[in-house]
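query00.cif (mmCIF, C-alpha atoms, pLDDT in the B column; chains and numbers go by the auth columns) appears below.
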```cif
data_upload
loop_
_atom_site.group_PDB
_atom_site.id
_atom_site.type_symbol
_atom_site.label_atom_id
_atom_site.label_comp_id
_atom_site.label_asym_id
_atom_site.label_seq_id
_atom_site.Cartn_x
_atom_site.Cartn_y
_atom_site.Cartn_z
_atom_site.B_iso_or_equiv
_atom_site.auth_seq_id
_atom_site.auth_asym_id
ATOM 1 C CA MET A 1 92.035 75.136 45.360 50.00 13 M
ATOM 2 C CA MET A 2 88.666 76.568 46.378 50.00 14 M
ATOM 3 C CA ARG A 3 90.225 77.934 49.591 60.00 15 M
ATOM 4 C CA LEU A 4 92.730 80.001 47.605 57.00 16 M
ATOM 5 C CA ALA A 5 89.973 81.498 45.459 59.00 17 M
ATOM 6 C CA ASP A 6 87.888 82.256 48.571 60.00 18 M
ATOM 7 C CA THR A 7 90.834 83.964 50.251 67.00 19 M
ATOM 8 C CA TYR A 8 91.496 86.078 47.154 63.00 20 M
ATOM 9 C CA ALA A 9 87.831 87.044 46.926 64.00 21 M
ATOM 10 C CA GLN A 10 87.733 87.962 50.614 76.00 22 M
ATOM 11 C CA LYS A 11 90.868 90.067 50.231 76.00 23 M
ATOM 12 C CA ASN A 12 89.104 92.067 47.528 78.00 24 M
ATOM 13 C CA SER A 13 85.766 92.371 49.300 89.00 25 M
ATOM 14 C CA LEU A 14 84.234 95.771 49.907 89.00 26 M
ATOM 15 C CA LEU A 15 84.331 95.232 53.668 91.00 27 M
ATOM 16 C CA ASN A 16 88.053 94.496 53.567 93.00 28 M
ATOM 17 C CA ALA A 17 88.654 97.544 51.361 92.00 29 M
ATOM 18 C CA MET A 18 86.763 99.692 53.877 93.00 30 M
ATOM 19 C CA ASN A 19 88.701 98.157 56.774 94.00 31 M
ATOM 20 C CA ARG A 20 92.035 98.790 55.007 95.00 32 M
ATOM 21 C CA PHE A 21 91.035 102.409 54.398 95.00 33 M
ATOM 22 C CA ILE A 22 89.858 102.921 57.992 96.00 34 M
ATOM 23 C CA GLY A 23 93.063 101.303 59.273 96.00 35 M
ATOM 24 C CA ALA A 24 95.225 103.542 57.082 96.00 36 M
ATOM 25 C CA VAL A 25 93.369 106.663 58.260 96.00 37 M
ATOM 26 C CA ASN A 26 93.590 105.547 61.900 96.00 38 M
ATOM 27 C CA ASN A 27 97.338 105.024 61.451 96.00 39 M
ATOM 28 C CA MET A 28 97.595 108.460 59.813 95.00 40 M
ATOM 29 C CA ASP A 29 95.606 110.001 62.669 94.00 41 M
ATOM 30 C CA GLN A 30 97.846 108.379 65.311 95.00 42 M
ATOM 31 C CA THR A 31 101.029 109.367 63.478 94.00 43 M
ATOM 32 C CA VAL A 32 100.107 112.988 62.786 93.00 44 M
ATOM 33 C CA MET A 33 100.453 114.506 66.248 92.00 45 M
ATOM 34 C CA VAL A 34 100.409 118.123 65.057 91.00 46 M
ATOM 35 C CA PRO A 35 98.058 118.387 62.066 91.00 47 M
ATOM 36 C CA SER A 36 98.712 122.121 61.702 90.00 48 M
ATOM 37 C CA LEU A 37 102.231 121.252 60.481 90.00 49 M
ATOM 38 C CA LEU A 38 100.527 119.980 57.334 90.00 50 M
ATOM 39 C CA ARG A 39 99.221 123.440 56.401 90.00 51 M
ATOM 40 C CA ASP A 40 100.694 124.832 53.184 86.00 52 M
ATOM 41 C CA VAL A 41 102.641 121.603 52.538 85.00 53 M
ATOM 42 C CA PRO A 42 101.898 120.603 48.927 85.00 54 M
ATOM 43 C CA LEU A 43 100.506 117.150 48.262 76.00 55 M
ATOM 44 C CA GLU A 44 102.985 116.224 45.561 73.00 56 M
ATOM 45 C CA HIS A 45 106.470 115.324 46.720 59.00 57 M
ATOM 46 C CA GLU A 46 109.270 115.056 44.146 46.00 58 M
ATOM 47 C CA LYS A 47 106.731 114.625 41.342 48.00 59 M
ATOM 48 C CA GLU A 48 105.621 116.743 38.472 49.00 60 M
ATOM 49 C CA PRO A 49 102.187 118.226 39.172 47.00 61 M
ATOM 50 C CA GLU A 50 99.466 116.269 37.437 51.00 62 M
ATOM 51 C CA VAL A 51 96.602 117.792 35.531 51.00 63 M
ATOM 52 C CA SER A 52 93.470 117.606 37.661 53.00 64 M
ATOM 53 C CA ALA A 53 90.979 115.124 36.332 58.00 65 M
ATOM 54 C CA PRO A 54 87.285 115.919 36.268 53.00 66 M
ATOM 55 C CA GLY A 55 85.715 114.810 39.524 51.00 67 M
ATOM 56 C CA SER A 56 88.959 115.251 41.450 57.00 68 M
ATOM 57 C CA TYR A 57 88.532 114.361 45.114 53.00 69 M
ATOM 58 C CA LEU A 58 90.335 117.475 46.269 47.00 70 M
ATOM 59 C CA ARG A 59 89.365 121.008 45.508 49.00 71 M
ATOM 60 C CA ASP A 60 92.358 122.538 43.718 52.00 72 M
ATOM 61 C CA ALA A 61 92.233 125.699 45.833 49.00 73 M
ATOM 62 C CA GLU A 62 92.800 123.641 48.998 55.00 74 M
ATOM 63 C CA ALA A 63 95.380 121.191 47.707 75.00 75 M
ATOM 64 C CA ASP A 64 97.630 121.004 50.746 85.00 76 M
ATOM 65 C CA MET A 65 98.260 118.101 53.091 90.00 77 M
ATOM 66 C CA PHE A 66 96.178 119.582 55.916 92.00 78 M
ATOM 67 C CA SER A 67 93.010 119.806 53.816 90.00 79 M
ATOM 68 C CA TYR A 68 93.614 116.288 52.564 89.00 80 M
ATOM 69 C CA TYR A 69 94.166 115.059 56.128 94.00 81 M
ATOM 70 C CA THR A 70 90.828 116.522 57.250 92.00 82 M
ATOM 71 C CA GLN A 71 89.091 115.187 54.135 92.00 83 M
ATOM 72 C CA LEU A 72 90.375 111.640 54.706 94.00 84 M
ATOM 73 C CA LYS A 73 89.257 111.777 58.352 94.00 85 M
ATOM 74 C CA GLY A 74 85.823 113.034 57.245 91.00 86 M
ATOM 75 C CA ILE A 75 85.425 110.165 54.780 92.00 87 M
ATOM 76 C CA ARG A 76 86.437 107.687 57.488 93.00 88 M
ATOM 77 C CA ASN A 77 83.826 109.164 59.841 91.00 89 M
ATOM 78 C CA ASP A 78 81.173 108.952 57.116 88.00 90 M
ATOM 79 C CA ILE A 79 81.974 105.258 56.611 89.00 91 M
ATOM 80 C CA GLU A 80 81.984 104.494 60.344 88.00 92 M
ATOM 81 C CA TRP A 81 79.044 106.638 61.468 86.00 93 M
ATOM 82 C CA GLY A 82 77.029 107.304 58.325 81.00 94 M
ATOM 83 C CA VAL A 83 76.247 110.623 56.722 69.00 95 M
ATOM 84 C CA LEU A 84 73.136 111.540 58.710 63.00 96 M
ATOM 85 C CA GLY A 85 74.871 114.492 60.353 56.00 97 M
ATOM 86 C CA ARG A 86 75.603 116.227 57.026 56.00 98 M
ATOM 87 C CA ALA A 87 74.288 119.666 56.176 55.00 99 M
ATOM 88 C CA GLU A 88 71.010 120.217 54.346 53.00 100 M
ATOM 89 C CA GLU A 89 72.878 121.383 51.256 52.00 101 M
ATOM 90 C CA LEU A 90 74.432 117.971 50.811 62.00 102 M
ATOM 91 C CA ARG A 91 71.024 116.327 50.979 64.00 103 M
ATOM 92 C CA ARG A 92 69.609 118.818 48.501 65.00 104 M
ATOM 93 C CA LYS A 93 72.449 118.178 46.037 68.00 105 M
ATOM 94 C CA GLU A 94 72.025 114.448 46.469 70.00 106 M
ATOM 95 C CA LYS A 95 68.277 114.659 45.819 71.00 107 M
ATOM 96 C CA GLU A 96 68.879 116.715 42.678 74.00 108 M
ATOM 97 C CA SER A 97 71.420 114.200 41.447 75.00 109 M
ATOM 98 C CA LEU A 98 69.094 111.272 42.174 74.00 110 M
ATOM 99 C CA ALA A 99 66.251 113.042 40.396 71.00 111 M
ATOM 100 C CA GLN A 100 68.442 113.484 37.315 74.00 112 M
ATOM 101 C CA GLU A 101 69.538 109.833 37.450 73.00 113 M
ATOM 102 C CA ALA A 102 65.936 108.691 37.866 69.00 114 M
ATOM 103 C CA SER A 103 64.921 110.774 34.882 66.00 115 M
ATOM 104 C CA ARG A 104 67.667 109.203 32.769 65.00 116 M
ATOM 105 C CA ALA A 105 66.770 105.744 34.105 59.00 117 M
ATOM 106 C CA ASN A 106 63.114 106.263 33.223 61.00 118 M
ATOM 107 C CA ASP A 107 64.141 107.239 29.704 59.00 119 M
ATOM 108 C CA ASN A 108 66.217 104.064 29.438 56.00 120 M
ATOM 109 C CA GLU A 109 63.544 101.852 31.020 53.00 121 M
ATOM 110 C CA THR A 110 61.080 102.620 28.267 47.00 122 M
ATOM 111 C CA SER A 111 63.231 100.639 25.851 41.00 123 M
ATOM 112 C CA GLU A 112 64.511 97.956 28.235 54.00 124 M
ATOM 113 C CA GLU A 113 64.505 96.935 31.897 61.00 125 M
ATOM 114 C CA VAL A 114 67.443 98.183 34.002 67.00 126 M
ATOM 115 C CA ASP A 115 69.788 95.379 34.976 81.00 127 M
ATOM 116 C CA LEU A 116 70.112 96.037 38.722 85.00 128 M
ATOM 117 C CA GLU A 117 72.804 93.428 39.231 83.00 129 M
ATOM 118 C CA GLN A 118 74.964 94.994 36.527 86.00 130 M
ATOM 119 C CA LEU A 119 74.368 98.468 37.975 87.00 131 M
ATOM 120 C CA PHE A 120 75.257 97.221 41.461 86.00 132 M
ATOM 121 C CA ARG A 121 78.488 95.626 40.235 85.00 133 M
ATOM 122 C CA PHE A 122 79.434 98.806 38.372 90.00 134 M
ATOM 123 C CA HIS A 123 79.053 100.923 41.511 90.00 135 M
ATOM 124 C CA LEU A 124 80.726 98.301 43.700 88.00 136 M
ATOM 125 C CA ARG A 125 83.798 98.266 41.417 88.00 137 M
ATOM 126 C CA GLY A 126 83.858 102.057 41.474 92.00 138 M
ATOM 127 C CA LEU A 127 83.584 102.220 45.262 92.00 139 M
ATOM 128 C CA HIS A 128 86.285 99.586 45.660 91.00 140 M
ATOM 129 C CA GLY A 129 88.592 101.534 43.338 92.00 141 M
ATOM 130 C CA VAL A 130 87.993 104.803 45.202 94.00 142 M
ATOM 131 C CA LEU A 131 88.620 103.164 48.579 94.00 143 M
ATOM 132 C CA SER A 132 91.871 101.651 47.290 93.00 144 M
ATOM 133 C CA LYS A 133 93.079 105.044 46.052 94.00 145 M
ATOM 134 C CA LEU A 134 92.075 106.756 49.308 95.00 146 M
ATOM 135 C CA THR A 135 93.876 104.078 51.338 95.00 147 M
ATOM 136 C CA HIS A 136 97.014 104.592 49.270 95.00 148 M
ATOM 137 C CA GLN A 137 96.765 108.352 49.711 93.00 149 M
ATOM 138 C CA ALA A 138 96.282 108.083 53.496 95.00 150 M
ATOM 139 C CA ASN A 139 99.432 105.932 53.663 95.00 151 M
ATOM 140 C CA ASP A 140 101.312 108.438 51.479 93.00 152 M
ATOM 141 C CA LEU A 141 100.239 111.318 53.718 93.00 153 M
ATOM 142 C CA THR A 142 101.429 109.434 56.799 93.00 154 M
ATOM 143 C CA ASN A 143 104.819 108.786 55.213 92.00 155 M
ATOM 144 C CA ARG A 144 105.129 112.407 54.038 90.00 156 M
ATOM 145 C CA TYR A 145 104.362 113.644 57.552 91.00 157 M
ATOM 146 C CA LYS A 146 107.084 111.393 58.948 90.00 158 M
ATOM 147 C CA GLN A 147 109.533 112.805 56.388 88.00 159 M
ATOM 148 C CA GLU A 148 108.510 116.390 57.152 85.00 160 M
ATOM 149 C CA ILE A 149 109.161 116.020 60.887 86.00 161 M
ATOM 150 C CA GLY A 150 112.242 113.836 60.438 82.00 162 M
ATOM 151 C CA ILE A 151 111.046 110.449 61.660 79.00 163 M
ATOM 152 C CA ALA A 152 110.944 108.639 58.314 65.00 164 M
ATOM 153 C CA GLY A 153 111.421 104.916 58.787 62.00 165 M
ATOM 154 C CA TRP A 154 109.841 104.767 62.265 57.00 166 M
ATOM 155 C CA GLY A 155 107.199 102.112 62.816 57.00 167 M
ATOM 156 C CA GLN A 156 107.968 100.217 59.631 55.00 168 M
#
```
structure tokens encoding of this file:
Amino acid sequence: MMRLADTYAQKNSLLNAMNRFIGAVNNMDQTVMVPSLLRDVPLEHEKEPEVSAPGSYLRDAEADMFSYYTQLKGIRNDIEWGVLGRAEELRRKEKESLAQEASRANDNETSEEVDLEQLFRFHLRGLHGVLSKLTHQANDLTNRYKQEIGIAGWGQ
């Protein structure tokens, strides 16, 4: 019985979620031979457009499959190679955000000690959820590309 629980836990590990995402993006990258065909192709296919949620992962002005394709590849590269090559603006924004979080944390610490394990688990669940959604979206993009060029059903 312990083996089954271990297998389930491993399936839902962060490393496996990252590997599934990287695999889905690699598959997308190998399938999409002509990325420029994705330009001006809307993301939604046979669905009603959804209202953008705050913190949407895509900028609304660039909501076509090509921009999403390049964004997914960029996220994959950040996971595989790190974010050291990013522009100074990203680092500046990150520092500002961390400074704001630290300020809020210091305010909270005066009344009680921050539970680091709880904070870690919160962020881990969030990261796992984001990776799962991105993996699903990379697979959707791959399937949409196959439909657009008329090879739907290949490689399945």
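Take the candidates M:Arg156, M:Gln112, M:Gln22, M:Val142 and check each one against Phe78 in chain M using all atoms listed in the file; the shortest distance goes to M:Arg156.
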Item checked: Chain and number of each residue from the PyMOL selection byres ((chain M and resi 161) around 12), as a PyMOL selection string -> chain M and resi 43-47+49-50+53+154-160+162-166
Checklist line | Given the PyMOL selection byres ((chain M and resi 82) around 12), the residues it picks as JSON, numbers by chain | finding: {"M": [37, 40, 41, 44, 47, 48, 50, 51, 70, 74, 75, 76, 77, 78, 79, 80, 81, 83, 84, 85, 86, 87, 88, 89, 150, 153]}
Next item on the list: Find the spatial neighbours of Ala29 in chain M, counting only C-alpha atoms, within a cut-off of 10 Å - ignore same-chain residues fewer than 6 positions away - and output them as an MDAnalysis selection string.
Entry: chainID M and resid 22:23 35 139:144 147
Next item on the list: Could you check which of M:Asn151, M:Ser109, M:Gln130, M:Asn24 is closest to Ala36 in chain M, using all atoms listed in the file?
Entry: M:Asn151
